[in-house]
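This is upload09.json (JSON, C-alpha atoms and all ligand atoms).
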[["chain", "number", "residue", "atom", "x", "y", "z"],
["A", 17, "MET", "CA", 77.03, -102.96, 126.62],
["A", 18, "ALA", "CA", 75.92, -106.53, 127.38],
["A", 19, "GLN", "CA", 78.54, -108.69, 129.11],
["A", 20, "ARG", "CA", 80.36, -110.75, 126.48],
["A", 21, "LYS", "CA", 80.07, -114.53, 126.49],
["A", 22, "ILE", "CA", 82.49, -117.27, 127.45],
["A", 23, "VAL", "CA", 82.29, -120.44, 125.37],
["A", 24, "VAL", "CA", 83.20, -123.63, 127.26],
["A", 25, "LEU", "CA", 84.26, -126.51, 125.02],
["A", 26, "GLY", "CA", 84.27, -129.95, 126.66],
["A", 27, "THR", "CA", 86.73, -132.69, 125.73],
["A", 28, "GLY", "CA", 86.46, -135.02, 128.75],
["A", 29, "GLY", "CA", 89.27, -135.96, 131.15],
["A", 30, "THR", "CA", 89.13, -136.62, 134.88],
["A", 31, "LEU", "CA", 87.14, -133.42, 135.33],
["A", 32, "ALA", "CA", 84.28, -135.27, 133.59],
["A", 33, "GLY", "CA", 85.11, -138.61, 135.22],
["A", 34, "THR", "CA", 82.96, -140.75, 137.51],
["A", 35, "SER", "CA", 83.61, -143.51, 140.02],
["A", 36, "SER", "CA", 81.13, -145.98, 141.47],
["A", 37, "ARG", "CA", 82.73, -145.41, 144.89],
["A", 38, "PRO", "CA", 82.50, -141.80, 146.14],
["A", 39, "GLY", "CA", 85.87, -140.73, 147.42],
["A", 40, "ASP", "CA", 87.77, -142.91, 144.96],
["A", 41, "ASN", "CA", 90.19, -140.50, 143.30],
["A", 42, "VAL", "CA", 92.10, -143.14, 141.35],
["A", 43, "GLY", "CA", 89.82, -145.98, 140.24],
["A", 44, "TYR", "CA", 87.41, -143.92, 138.14],
["A", 45, "THR", "CA", 86.50, -143.69, 134.47],
["A", 46, "ALA", "CA", 87.44, -140.41, 132.79],
["A", 47, "ALA", "CA", 85.20, -138.55, 130.31],
["A", 48, "GLN", "CA", 81.68, -139.56, 131.43],
["A", 49, "VAL", "CA", 79.76, -136.35, 132.28],
["A", 50, "GLY", "CA", 78.73, -133.86, 129.60],
["A", 51, "ILE", "CA", 80.06, -130.32, 129.70],
["A", 52, "ALA", "CA", 76.58, -128.73, 129.99],
["A", 53, "ASP", "CA", 75.91, -130.73, 133.18],
["A", 54, "LEU", "CA", 79.35, -129.97, 134.64],
["A", 55, "VAL", "CA", 79.01, -126.22, 134.11],
["A", 56, "GLY", "CA", 75.32, -126.21, 135.07],
["A", 57, "ALA", "CA", 76.15, -127.71, 138.47],
["A", 58, "ILE", "CA", 78.45, -124.83, 139.50],
["A", 59, "PRO", "CA", 76.39, -122.28, 141.50],
["A", 60, "LEU", "CA", 79.06, -119.57, 141.15],
["A", 61, "LEU", "CA", 78.57, -119.54, 137.37],
["A", 62, "ARG", "CA", 74.81, -119.01, 137.44],
["A", 63, "GLY", "CA", 74.05, -115.75, 135.69],
["A", 64, "VAL", "CA", 77.40, -115.70, 133.88],
["A", 65, "PRO", "CA", 76.80, -115.67, 130.11],
["A", 66, "ILE", "CA", 78.26, -119.05, 129.15],
["A", 67, "GLU", "CA", 77.67, -121.29, 126.16],
["A", 68, "THR", "CA", 78.78, -124.91, 126.27],
["A", 69, "GLU", "CA", 79.69, -127.29, 123.47],
["A", 70, "GLN", "CA", 80.83, -130.92, 123.66],
["A", 71, "VAL", "CA", 83.70, -131.22, 121.18],
["A", 72, "ALA", "CA", 84.91, -134.65, 122.34],
["A", 73, "GLN", "CA", 84.58, -137.00, 125.31],
["A", 74, "VAL", "CA", 87.96, -138.68, 125.79],
["A", 75, "ASP", "CA", 90.50, -139.72, 128.37],
["A", 76, "SER", "CA", 93.30, -137.43, 127.23],
["A", 77, "LYS", "CA", 95.87, -140.24, 127.15],
["A", 78, "ASP", "CA", 93.97, -141.18, 123.96],
["A", 79, "MET", "CA", 94.11, -137.69, 122.42],
["A", 80, "THR", "CA", 94.24, -137.67, 118.61],
["A", 81, "ARG", "CA", 95.03, -135.31, 115.78],
["A", 82, "GLY", "CA", 91.35, -135.56, 114.82],
["A", 83, "VAL", "CA", 90.24, -134.02, 118.14],
["A", 84, "TRP", "CA", 92.90, -131.30, 117.75],
["A", 85, "ASP", "CA", 91.59, -130.48, 114.27],
["A", 86, "LYS", "CA", 88.03, -130.26, 115.59],
["A", 87, "LEU", "CA", 89.10, -128.07, 118.52],
["A", 88, "GLU", "CA", 91.04, -125.79, 116.17],
["A", 89, "ASP", "CA", 87.97, -125.46, 113.97],
["A", 90, "ARG", "CA", 85.57, -124.74, 116.87],
["A", 91, "CYS", "CA", 87.99, -122.26, 118.45],
["A", 92, "LYS", "CA", 88.36, -120.39, 115.14],
["A", 93, "HIS", "CA", 84.58, -120.24, 114.83],
["A", 94, "HIS", "CA", 83.93, -118.92, 118.35],
["A", 95, "LEU", "CA", 86.95, -116.58, 118.46],
["A", 96, "GLY", "CA", 85.57, -114.89, 115.36],
["A", 97, "ARG", "CA", 82.32, -114.01, 117.14],
["A", 98, "GLU", "CA", 82.23, -110.41, 118.36],
["A", 99, "GLU", "CA", 80.09, -111.32, 121.39],
["A", 100, "VAL", "CA", 82.59, -113.96, 122.64],
["A", 101, "ALA", "CA", 85.22, -112.68, 125.09],
["A", 102, "GLY", "CA", 87.17, -115.91, 125.37],
["A", 103, "ILE", "CA", 87.12, -119.69, 125.32],
["A", 104, "VAL", "CA", 87.56, -122.25, 128.10],
["A", 105, "ILE", "CA", 88.43, -125.83, 127.14],
["A", 106, "THR", "CA", 88.04, -128.64, 129.68],
["A", 107, "HIS", "CA", 90.63, -131.38, 129.13],
["A", 108, "GLY", "CA", 92.42, -134.26, 130.87],
["A", 109, "THR", "CA", 95.66, -133.38, 132.60],
["A", 110, "ASP", "CA", 97.69, -136.10, 130.87],
["A", 111, "THR", "CA", 98.12, -134.38, 127.51],
["A", 112, "ILE", "CA", 96.77, -130.89, 128.23],
["A", 113, "GLU", "CA", 100.25, -129.43, 127.66],
["A", 114, "GLU", "CA", 100.30, -130.89, 124.13],
["A", 115, "THR", "CA", 96.83, -129.66, 123.16],
["A", 116, "ALA", "CA", 97.57, -126.21, 124.61],
["A", 117, "PHE", "CA", 100.84, -125.93, 122.67],
["A", 118, "TYR", "CA", 99.18, -127.17, 119.46],
["A", 119, "LEU", "CA", 96.38, -124.61, 119.76],
["A", 120, "GLN", "CA", 98.79, -121.75, 120.47],
["A", 121, "GLU", "CA", 100.80, -122.67, 117.39],
["A", 122, "VAL", "CA", 97.83, -122.94, 115.03],
["A", 123, "LEU", "CA", 95.61, -120.17, 116.43],
["A", 124, "SER", "CA", 97.94, -117.59, 117.96],
["A", 125, "PRO", "CA", 94.71, -116.09, 119.36],
["A", 126, "GLN", "CA", 94.15, -112.42, 120.18],
["A", 127, "LYS", "CA", 91.53, -113.49, 122.73],
["A", 128, "PRO", "CA", 92.17, -115.87, 125.66],
["A", 129, "VAL", "CA", 91.87, -119.62, 125.14],
["A", 130, "VAL", "CA", 92.07, -121.17, 128.60],
["A", 131, "LEU", "CA", 92.50, -124.91, 129.08],
["A", 132, "THR", "CA", 91.54, -126.37, 132.42],
["A", 133, "CYS", "CA", 91.27, -129.79, 134.01],
["A", 134, "ALA", "CA", 91.02, -131.69, 137.28],
["A", 135, "MET", "CA", 92.93, -134.29, 139.22],
["A", 136, "ARG", "CA", 89.84, -135.68, 140.93],
["A", 137, "PRO", "CA", 86.71, -137.00, 139.21],
["A", 138, "ALA", "CA", 83.34, -135.26, 139.39],
["A", 139, "THR", "CA", 82.15, -137.88, 141.93],
["A", 140, "SER", "CA", 85.01, -137.21, 144.35],
["A", 141, "LEU", "CA", 84.15, -136.15, 147.91],
["A", 142, "SER", "CA", 86.02, -132.97, 147.12],
["A", 143, "PRO", "CA", 86.35, -132.49, 143.35],
["A", 144, "ASP", "CA", 88.77, -129.83, 142.10],
["A", 145, "GLY", "CA", 87.12, -129.46, 138.67],
["A", 146, "PRO", "CA", 84.42, -126.90, 139.60],
["A", 147, "GLN", "CA", 86.91, -124.43, 141.14],
["A", 148, "ASN", "CA", 89.26, -124.88, 138.18],
["A", 149, "ILE", "CA", 86.43, -124.10, 135.75],
["A", 150, "VAL", "CA", 85.47, -121.00, 137.77],
["A", 151, "ASP", "CA", 89.13, -119.85, 137.72],
["A", 152, "ALA", "CA", 89.41, -120.53, 133.99],
["A", 153, "VAL", "CA", 86.28, -118.47, 133.32],
["A", 154, "ALA", "CA", 87.79, -115.63, 135.40],
["A", 155, "VAL", "CA", 90.91, -115.73, 133.21],
["A", 156, "ALA", "CA", 88.94, -115.96, 129.95],
["A", 157, "THR", "CA", 86.94, -112.88, 131.02],
["A", 158, "GLN", "CA", 90.07, -110.71, 131.44],
["A", 159, "GLU", "CA", 89.91, -107.81, 128.99],
["A", 160, "GLU", "CA", 93.62, -107.80, 128.15],
["A", 161, "ALA", "CA", 94.22, -111.58, 128.16],
["A", 162, "CYS", "CA", 95.26, -113.33, 124.96],
["A", 163, "GLY", "CA", 96.95, -116.52, 123.83],
["A", 164, "VAL", "CA", 96.55, -120.10, 124.99],
["A", 165, "VAL", "CA", 97.10, -120.78, 128.69],
["A", 166, "VAL", "CA", 96.48, -123.61, 131.14],
["A", 167, "VAL", "CA", 94.77, -122.85, 134.46],
["A", 168, "CYS", "CA", 94.85, -125.39, 137.29],
["A", 169, "ALA", "CA", 94.88, -125.09, 141.09],
["A", 170, "GLY", "CA", 94.83, -121.29, 140.87],
["A", 171, "VAL", "CA", 97.96, -121.11, 138.69],
["A", 172, "ILE", "CA", 98.10, -119.74, 135.11],
["A", 173, "HIS", "CA", 100.69, -121.39, 132.86],
["A", 174, "ASP", "CA", 101.94, -120.46, 129.39],
["A", 175, "SER", "CA", 101.26, -123.27, 126.88],
["A", 176, "ARG", "CA", 104.92, -123.24, 125.91],
["A", 177, "ASP", "CA", 106.24, -123.89, 129.41],
["A", 178, "VAL", "CA", 103.61, -126.01, 131.14],
["A", 179, "MET", "CA", 104.42, -129.63, 131.94],
["A", 180, "LYS", "CA", 102.65, -132.22, 134.08],
["A", 181, "VAL", "CA", 105.13, -133.16, 136.79],
["A", 182, "HIS", "CA", 103.01, -135.11, 139.27],
["A", 183, "HIS", "CA", 100.49, -137.91, 138.82],
["A", 184, "TYR", "CA", 98.35, -137.29, 141.93],
["A", 185, "ARG", "CA", 98.59, -133.92, 143.62],
["A", 186, "LEU", "CA", 95.98, -131.25, 142.90],
["A", 187, "ASP", "CA", 98.59, -128.85, 141.51],
["A", 188, "PRO", "CA", 100.32, -131.24, 139.08],
["A", 189, "PHE", "CA", 101.94, -128.72, 136.69],
["A", 190, "SER", "CA", 105.15, -126.75, 136.55],
["A", 191, "SER", "CA", 106.28, -124.03, 134.19],
["A", 192, "GLY", "CA", 109.90, -124.86, 134.97],
["A", 193, "ASP", "CA", 112.49, -122.10, 134.83],
["A", 194, "ALA", "CA", 110.00, -119.66, 133.26],
["A", 195, "GLY", "CA", 107.52, -119.85, 136.13],
["A", 196, "PRO", "CA", 103.78, -119.26, 135.80],
["A", 197, "ILE", "CA", 102.15, -116.29, 134.10],
["A", 198, "GLY", "CA", 100.12, -115.57, 137.20],
["A", 199, "TYR", "CA", 97.57, -116.73, 139.73],
["A", 200, "VAL", "CA", 93.79, -116.66, 140.23],
["A", 201, "GLU", "CA", 92.84, -115.70, 143.77],
["A", 202, "GLU", "CA", 89.15, -115.48, 144.73],
["A", 203, "GLY", "CA", 88.24, -114.66, 141.14],
["A", 204, "GLU", "CA", 90.97, -112.02, 140.77],
["A", 205, "VAL", "CA", 93.82, -112.52, 138.31],
["A", 206, "ARG", "CA", 97.30, -111.55, 139.56],
["A", 207, "LEU", "CA", 99.86, -111.52, 136.76],
["A", 208, "VAL", "CA", 103.57, -111.98, 137.39],
["A", 209, "ARG", "CA", 104.56, -111.88, 133.71],
["A", 210, "ASN", "CA", 102.99, -111.09, 130.35],
["A", 211, "TRP", "CA", 100.26, -112.99, 128.55],
["A", 212, "PRO", "CA", 101.65, -115.24, 125.79],
["A", 213, "GLY", "CA", 100.83, -112.58, 123.18],
["A", 214, "ASP", "CA", 99.57, -112.87, 119.67],
["A", 215, "TRP", "CA", 102.72, -114.26, 118.08],
["A", 216, "ILE", "CA", 103.31, -117.76, 116.79],
["A", 217, "LEU", "CA", 105.84, -119.15, 119.23],
["A", 218, "TYR", "CA", 108.02, -120.92, 116.70],
["A", 219, "THR", "CA", 108.53, -119.51, 113.23],
["A", 220, "ARG", "CA", 108.44, -122.08, 110.49],
["A", 221, "THR", "CA", 110.73, -121.04, 107.66],
["A", 222, "ALA", "CA", 109.72, -123.85, 105.30],
["A", 223, "PRO", "CA", 106.44, -125.18, 106.58],
["A", 224, "VAL", "CA", 105.94, -128.74, 105.42],
["A", 225, "PRO", "CA", 103.48, -130.38, 107.80],
["A", 226, "LEU", "CA", 104.26, -134.02, 108.52],
["A", 227, "GLN", "CA", 101.67, -136.73, 109.01],
["A", 228, "ARG", "CA", 103.70, -139.12, 111.15],
["A", 229, "VAL", "CA", 106.24, -138.14, 113.79],
["A", 230, "GLU", "CA", 107.41, -140.52, 116.50],
["A", 231, "ILE", "CA", 109.46, -140.03, 119.67],
["A", 232, "VAL", "CA", 112.38, -142.31, 120.59],
["A", 233, "PHE", "CA", 114.36, -142.25, 123.84],
["A", 234, "SER", "CA", 118.10, -142.20, 124.26],
["A", 235, "HIS", "CA", 118.86, -144.18, 127.40],
["A", 236, "ALA", "CA", 121.41, -146.54, 128.95],
["A", 237, "GLY", "CA", 121.65, -149.58, 126.68],
["A", 238, "ALA", "CA", 119.91, -147.88, 123.72],
["A", 239, "SER", "CA", 120.25, -149.49, 120.29],
["A", 240, "ARG", "CA", 119.46, -148.43, 116.73],
["A", 241, "ASP", "CA", 116.64, -150.95, 116.32],
["A", 242, "HIS", "CA", 113.65, -148.68, 117.01],
["A", 243, "VAL", "CA", 114.85, -145.98, 114.62],
["A", 244, "ASP", "CA", 115.60, -148.49, 111.85],
["A", 245, "ALA", "CA", 112.14, -150.03, 112.26],
["A", 246, "LEU", "CA", 110.50, -146.59, 112.15],
["A", 247, "VAL", "CA", 112.36, -145.63, 108.98],
["A", 248, "ARG", "CA", 111.37, -148.92, 107.33],
["A", 249, "SER", "CA", 107.74, -148.24, 108.25],
["A", 250, "GLY", "CA", 107.80, -144.83, 106.52],
["A", 251, "VAL", "CA", 108.05, -142.40, 109.46],
["A", 252, "GLN", "CA", 108.50, -138.77, 108.34],
["A", 253, "GLY", "CA", 109.85, -137.26, 111.52],
["A", 254, "ILE", "CA", 111.65, -138.48, 114.65],
["A", 255, "VAL", "CA", 112.11, -136.57, 117.88],
["A", 256, "VAL", "CA", 114.87, -138.04, 120.00],
["A", 257, "ALA", "CA", 114.41, -137.46, 123.72],
["A", 258, "THR", "CA", 118.06, -136.98, 124.55],
["A", 259, "THR", "CA", 120.04, -137.22, 127.72],
["A", 260, "GLY", "CA", 121.27, -133.94, 129.25],
["A", 261, "ASN", "CA", 122.18, -131.20, 126.80],
["A", 262, "GLY", "CA", 121.10, -133.02, 123.64],
["A", 263, "THR", "CA", 123.43, -135.98, 123.93],
["A", 264, "VAL", "CA", 122.56, -139.28, 122.23],
["A", 265, "HIS", "CA", 123.78, -142.82, 122.97],
["A", 266, "ARG", "CA", 126.61, -143.81, 120.60],
["A", 267, "GLU", "CA", 124.64, -146.90, 119.43],
["A", 268, "LEU", "CA", 121.59, -144.77, 118.54],
["A", 269, "MET", "CA", 123.27, -141.75, 116.91],
["A", 270, "PRO", "CA", 124.32, -143.47, 113.63],
["A", 271, "ALA", "CA", 120.74, -144.65, 113.07],
["A", 272, "LEU", "CA", 119.44, -141.10, 113.49],
["A", 273, "LEU", "CA", 122.05, -139.72, 111.07],
["A", 274, "ASP", "CA", 121.14, -142.44, 108.54],
["A", 275, "ALA", "CA", 117.44, -141.56, 108.97],
["A", 276, "GLN", "CA", 118.23, -137.88, 108.38],
["A", 277, "LYS", "CA", 120.18, -138.76, 105.19],
["A", 278, "GLN", "CA", 117.12, -140.63, 103.96],
["A", 279, "GLY", "CA", 114.97, -137.50, 104.34],
["A", 280, "VAL", "CA", 113.45, -138.12, 107.77],
["A", 281, "LYS", "CA", 113.28, -134.90, 109.84],
["A", 282, "VAL", "CA", 115.16, -135.58, 113.08],
["A", 283, "LEU", "CA", 115.02, -133.20, 116.04],
["A", 284, "ARG", "CA", 116.75, -133.45, 119.43],
["A", 285, "ALA", "CA", 114.84, -132.41, 122.58],
["A", 286, "SER", "CA", 116.17, -133.04, 126.08],
["A", 287, "ARG", "CA", 114.40, -135.56, 128.29],
["A", 288, "CYS", "CA", 115.39, -133.37, 131.28],
["A", 289, "ALA", "CA", 112.21, -131.84, 132.71],
["A", 290, "GLU", "CA", 113.71, -128.36, 132.93],
["A", 291, "GLY", "CA", 116.01, -126.31, 130.73],
["A", 292, "GLY", "CA", 116.51, -126.98, 127.03],
["A", 293, "VAL", "CA", 119.22, -128.08, 124.61],
["A", 294, "ILE", "CA", 121.89, -125.44, 124.05],
["A", 295, "ALA", "CA", 122.90, -125.83, 120.39],
["A", 296, "GLN", "CA", 126.62, -126.14, 119.58],
["A", 297, "PRO", "CA", 128.39, -125.12, 116.35],
["A", 298, "GLY", "CA", 128.78, -128.22, 114.19],
["A", 299, "ASP", "CA", 125.83, -130.12, 115.68],
["A", 300, "GLU", "CA", 124.98, -132.96, 113.30],
["A", 301, "LEU", "CA", 121.31, -132.98, 114.31],
["A", 302, "PRO", "CA", 119.13, -129.91, 114.96],
["A", 303, "SER", "CA", 117.78, -129.34, 118.45],
["A", 304, "THR", "CA", 115.07, -127.44, 120.27],
["A", 305, "ASN", "CA", 114.54, -126.26, 123.81],
["A", 306, "LEU", "CA", 110.98, -127.59, 123.78],
["A", 307, "SER", "CA", 110.05, -130.81, 125.60],
["A", 308, "PRO", "CA", 109.99, -133.93, 123.39],
["A", 309, "VAL", "CA", 106.17, -134.02, 123.20],
["A", 310, "LYS", "CA", 106.03, -130.37, 122.10],
["A", 311, "ALA", "CA", 108.96, -130.84, 119.70],
["A", 312, "ARG", "CA", 106.85, -133.57, 118.06],
["A", 313, "ILE", "CA", 104.02, -131.07, 117.54],
["A", 314, "LEU", "CA", 106.49, -128.61, 116.02],
["A", 315, "LEU", "CA", 107.51, -131.22, 113.44],
["A", 316, "LEU", "CA", 103.89, -132.18, 112.77],
["A", 317, "LEU", "CA", 103.21, -128.55, 111.94],
["A", 318, "GLY", "CA", 106.25, -128.36, 109.68],
["A", 319, "GLY", "CA", 108.72, -126.79, 112.09],
["B", 1, "LIG", "C1", 93.03, -137.55, 131.36],
["B", 1, "LIG", "O1", 94.08, -136.99, 131.13],
["B", 1, "LIG", "O2", 92.04, -137.51, 130.60],
["B", 1, "LIG", "C2", 92.88, -138.40, 132.59],
["B", 1, "LIG", "C3", 93.74, -137.91, 133.68],
["B", 1, "LIG", "C4", 93.40, -136.54, 134.15],
["B", 1, "LIG", "O3", 92.57, -135.83, 133.61],
["B", 1, "LIG", "O4", 94.01, -136.15, 135.17]]

Produce C-alpha cells that represent the structure in this file.
Amino acid sequence: MAQRKIVVLGTGGTLAGTSSRPGDNVGYTAAQVGIADLVGAIPLLRGVPIETEQVAQVDSKDMTRGVWDKLEDRCKHHLGREEVAGIVITHGTDTIEETAFYLQEVLSPQKPVVLTCAMRPATSLSPDGPQNIVDAVAVATQEEACGVVVVCAGVIHDSRDVMKVHHYRLDPFSSGDAGPIGYVEEGEVRLVRNWPGDWILYTRTAPVPLQRVEIVFSHAGASRDHVDALVRSGVQGIVVATTGNGTVHRELMPALLDAQKQGVKVLRASRCAEGGVIAQPGDELPSTNLSPVKARILLLLGG
C-alpha cells in the first residue's frame, strides 16, 4: 500500500518569521514565509508524501476565532480523506496552547493533529523550526497516534496540559503536573503516557456557545470596575483568573456575583501556572482546573 500523506497547514508564527539581520532572534517579523517554501527547504522531508496548505499567515498573538473556524474546517476536510495519515499545523508559540485546545474540543480527532512552532525565525543562524516540523511529521505518521498534540523541542504535549512558560528558550512549554505525552528522538517517538484519545475532553451538558467571553484578573488592589464595564457592554461570559485555589479579591467578588445574577456565565480558573481549582461545597461561582485562556475557550464552546 502507498505511504499515506501528511497534510501541513501553515498559519504563520515565528517559524515563518524573517529578520533583516541574520542571527537576530528577537527583532524579527513573524509570519512572512509561506508554508510550501518552509517545508520545501527541509532536505529530510524530500520524498515524504506531504501536501501543504496556507490557512493563515499571522503572528499568533493576533489569533482570531475566524482563523480557528477555518482551521477546524480544513482539518475536518483533510481528516476525512482516507489517504491522509495525519495533519501538522505550524503556528506561533504565543497562543498555540489555545488553538490546540480549541481543535481538540471541536474535532476530537481519531487521527493525529500535531501543532508545531519555533522560537527562532527562519532567518536565524540556527533556526529551530525545521527540526520541529520534522519531529511533528514523525508524530503525525505514527499509526496509533490520535488527538491534538503540540510538538516542540522534541517534546510531545497534550493540548489540555501544554502551557508556554518561557519567552525565549527553545523548549518554552511545560505540561505541568501531568508531564509530556512523550518525546521524539532521531525520528523515533517514545511515549511515556497515552495519546489524548478520541474523547471530547470536557463534556458540555447544555451546550450554548457564547460569542463574547473576556478574562479578568483578581489581584492585589482589584476593584469591580472592569467587570461592571464588561457587563454594561454586553459580555456573555467572564473567566476570572483567580489567586491560589480559586480565591477572588473581596472588592471583585460582588461584581462577579451580580454579573452571574444578570445571566453572564462566570467561571473561576486559577492564575497559578500549575495545579487547578479544587471545588468546595457551597462555592458561589463554578470553577475549572483549566488555565484561564483554556477556560475561556470552554465557555465560548458552551461549556
Ligand atoms: C507568534 O506566536 O506568532 C510569535 C511568537 C512565536 O511564534 O514564538

Around the point (114.0, -139.8, 109.6), in the coordinates given by the file, pick out the residues reaching within 12 Å, counting only C-alpha atoms, and return them as number ranges by chain.
A: 226, 228-232, 242-256, 269-283, 301, 315

Around ligand LIG 1 (chain B), at most 9 Å away and counting all atoms listed in the file, which residues are there? Put them as a compact mmCIF listing (two decimals) with C-alpha atoms, in the coordinates of the input, please.
# COMPACT_ATOMS: atom_id res chain seq x y z
CA THR A 27 86.73 -132.69 125.73
CA GLY A 28 86.46 -135.02 128.75
CA GLY A 29 89.27 -135.96 131.15
CA THR A 30 89.13 -136.62 134.88
CA LEU A 31 87.14 -133.42 135.33
CA ALA A 32 84.28 -135.27 133.59
CA GLY A 33 85.11 -138.61 135.22
CA THR A 45 86.50 -143.69 134.47
CA ALA A 46 87.44 -140.41 132.79
CA ALA A 47 85.20 -138.55 130.31
CA VAL A 74 87.96 -138.68 125.79
CA ASP A 75 90.50 -139.72 128.37
CA SER A 76 93.30 -137.43 127.23
CA LYS A 77 95.87 -140.24 127.15
CA ASP A 78 93.97 -141.18 123.96
CA MET A 79 94.11 -137.69 122.42
CA HIS A 107 90.63 -131.38 129.13
CA GLY A 108 92.42 -134.26 130.87
CA THR A 109 95.66 -133.38 132.60
CA ASP A 110 97.69 -136.10 130.87
CA THR A 111 98.12 -134.38 127.51
CA ILE A 112 96.77 -130.89 128.23
CA CYS A 133 91.27 -129.79 134.01
CA ALA A 134 91.02 -131.69 137.28
CA MET A 135 92.93 -134.29 139.22
CA ARG A 136 89.84 -135.68 140.93
CA PRO A 137 86.71 -137.00 139.21
CA HIS A 183 100.49 -137.91 138.82
CA TYR A 184 98.35 -137.29 141.93
CA PRO A 188 100.32 -131.24 139.08

Show me a table, sorted first by chain and then by increasing residue number, of the residues of range 95-172 of chain A having an atom at most 8 Å from range 208-212 of chain A, each with its shortest atom pair and the distance in Å to one decimal, counting all atoms listed in the file and written as JSON lines.
{"residue": "A:Ala161", "atom": "CA", "partner": "A:Trp211", "partner_atom": "CA", "distance": 6.2}
{"residue": "A:Cys162", "atom": "CA", "partner": "A:Trp211", "partner_atom": "CA", "distance": 6.2}
{"residue": "A:Gly163", "atom": "CA", "partner": "A:Pro212", "partner_atom": "CA", "distance": 5.3}
{"residue": "A:Val164", "atom": "CA", "partner": "A:Pro212", "partner_atom": "CA", "distance": 7.1}
{"residue": "A:Val165", "atom": "CA", "partner": "A:Pro212", "partner_atom": "CA", "distance": 7.7}

What is the distance between CA of Ser191 in chain A and CA of Val178 in chain A, in Å to one decimal?
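Atom-to-atom, CA of Ser191 in chain A to CA of Val178 in chain A, that is 4.5 Å.
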
Mind giving me the straight-line distance from CA of Gly262 in chain A to CA of Val166 in chain A in Å, one decimal?
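Calculated distance between CA of Gly262 in chain A and CA of Val166 in chain A is 27.4 Å.
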
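With only the atoms specified (all atoms listed in the file) counting, those residues at most 12 Å away from (93.6, -132.4, 113.4) are Met79, Thr80, Arg81, Gly82, Val83, Trp84, Asp85, Lys86, Leu87, Glu88, Asp89, Arg90, Thr115, Tyr118, Leu119, Val122, Pro225, Leu226, Gln227, Ile313, Leu316 and Leu317 of chain A.
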
Let me make sure I understand: among A:Val153, A:Cys91, A:Val49, A:Ile105, which one has the smallest atom-to-atom distance to Ile66 in chain A if we use all atoms listed in the file?
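Distance minimum relative to Ile66 in chain A lands on A:Val153.
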
Report, in Å with one decimal, the straight-line distance from CA of Lys180 in chain A to CA of Ala152 in chain A.
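The value is 17.7 Å.
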
Could you name the residues that touch range 194-203 of chain A at 8 Å or less, counting only C-alpha atoms, but leaving out those on the same chain fewer than 5 positions away, as an MDAnalysis selection string?
chainID A and resid 150:151 154:155 170:174 177 208:211

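Comparing the minimum interatomic distances between Leu61 in chain A and each of A:Val100, A:Ala116, A:Ile149, A:Cys288, counting all atoms listed in the file, we find that A:Ile149 sits nearest.
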
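The shortest atom-to-atom distance to Gly260 in chain A, with only C-alpha atoms taken into account, belongs to A:Val293 out of A:Met179, A:Val293, A:Leu314, A:Leu141.
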
Within 10 Å of Asp193 in chain A, counting all atoms listed in the file, which residues qualify if same-chain residues fewer than 4 places away don't, as number ranges by chain?
A: 177, 289-291

Out of A:Glu121, A:Glu99, A:Glu267, A:Asp40, which residue has the shortest atom-to-atom distance to Gly237 in chain A when counting all atoms listed in the file?
A:Glu267

Tell me which of A:Gly26, A:Pro125, A:Gly319, A:Pro146 sits closest to Leu60 in chain A, counting only C-alpha atoms.
A:Pro146

Against range 50-57 of chain A, which residues of range 96-148 of chain A fall within 9 Å? For each one I want the closest pair of atoms and the distance in Å (one decimal), counting all atoms listed in the file, rows by chain and increasing residue number, as a Markdown table.
| residue | atom | partner | partner_atom | distance |
| --- | --- | --- | --- | --- |
| A:Thr106 | CA | A:Ile51 | CA | 8.2 |
| A:Ala138 | CA | A:Leu54 | CA | 8.2 |
| A:Gly145 | CA | A:Leu54 | CA | 8.8 |
| A:Pro146 | CA | A:Leu54 | CA | 7.7 |

Residue selection dump (C-alpha atoms) as a PDB file, in the coordinates of the input:
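To be explicit, this is the file written out as part-v6.pdb:
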ATOM      1  CA  THR A 106      88.040-128.640 129.680  1.00  0.00           C
ATOM      2  CA  ALA A 138      83.340-135.260 139.390  1.00  0.00           C
ATOM      3  CA  GLY A 145      87.120-129.460 138.670  1.00  0.00           C
ATOM      4  CA  PRO A 146      84.420-126.900 139.600  1.00  0.00           C
TER       5      PRO A 146
END

Skipping near chain neighbours, those fewer than 3 positions away, what residues fall within 9 Å of Ile22 in chain A using all atoms listed in the file, listed as a list of chain:residue names?
A:Val64, A:Pro65, A:Ile66, A:Glu67, A:Thr68, A:Glu99, A:Val100, A:Ala101, A:Gly102, A:Ile103, A:Val104, A:Val153, A:Ala156, A:Thr157

Deliver the residues from the most recent selection as a file, using C-alpha atoms, as a PDB file, in the frame of the given file.
ATOM      1  CA  VAL A  64      77.400-115.700 133.880  1.00  0.00           C
ATOM      2  CA  PRO A  65      76.800-115.670 130.110  1.00  0.00           C
ATOM      3  CA  ILE A  66      78.260-119.050 129.150  1.00  0.00           C
ATOM      4  CA  GLU A  67      77.670-121.290 126.160  1.00  0.00           C
ATOM      5  CA  THR A  68      78.780-124.910 126.270  1.00  0.00           C
ATOM      6  CA  GLU A  99      80.090-111.320 121.390  1.00  0.00           C
ATOM      7  CA  VAL A 100      82.590-113.960 122.640  1.00  0.00           C
ATOM      8  CA  ALA A 101      85.220-112.680 125.090  1.00  0.00           C
ATOM      9  CA  GLY A 102      87.170-115.910 125.370  1.00  0.00           C
ATOM     10  CA  ILE A 103      87.120-119.690 125.320  1.00  0.00           C
ATOM     11  CA  VAL A 104      87.560-122.250 128.100  1.00  0.00           C
ATOM     12  CA  VAL A 153      86.280-118.470 133.320  1.00  0.00           C
ATOM     13  CA  ALA A 156      88.940-115.960 129.950  1.00  0.00           C
ATOM     14  CA  THR A 157      86.940-112.880 131.020  1.00  0.00           C
TER      15      THR A 157
END

Shortest interatomic distance to Thr34 in chain A - which of A:Gln120, A:Thr139, A:Ser175, A:Ser307, counting all atoms listed in the file
A:Thr139
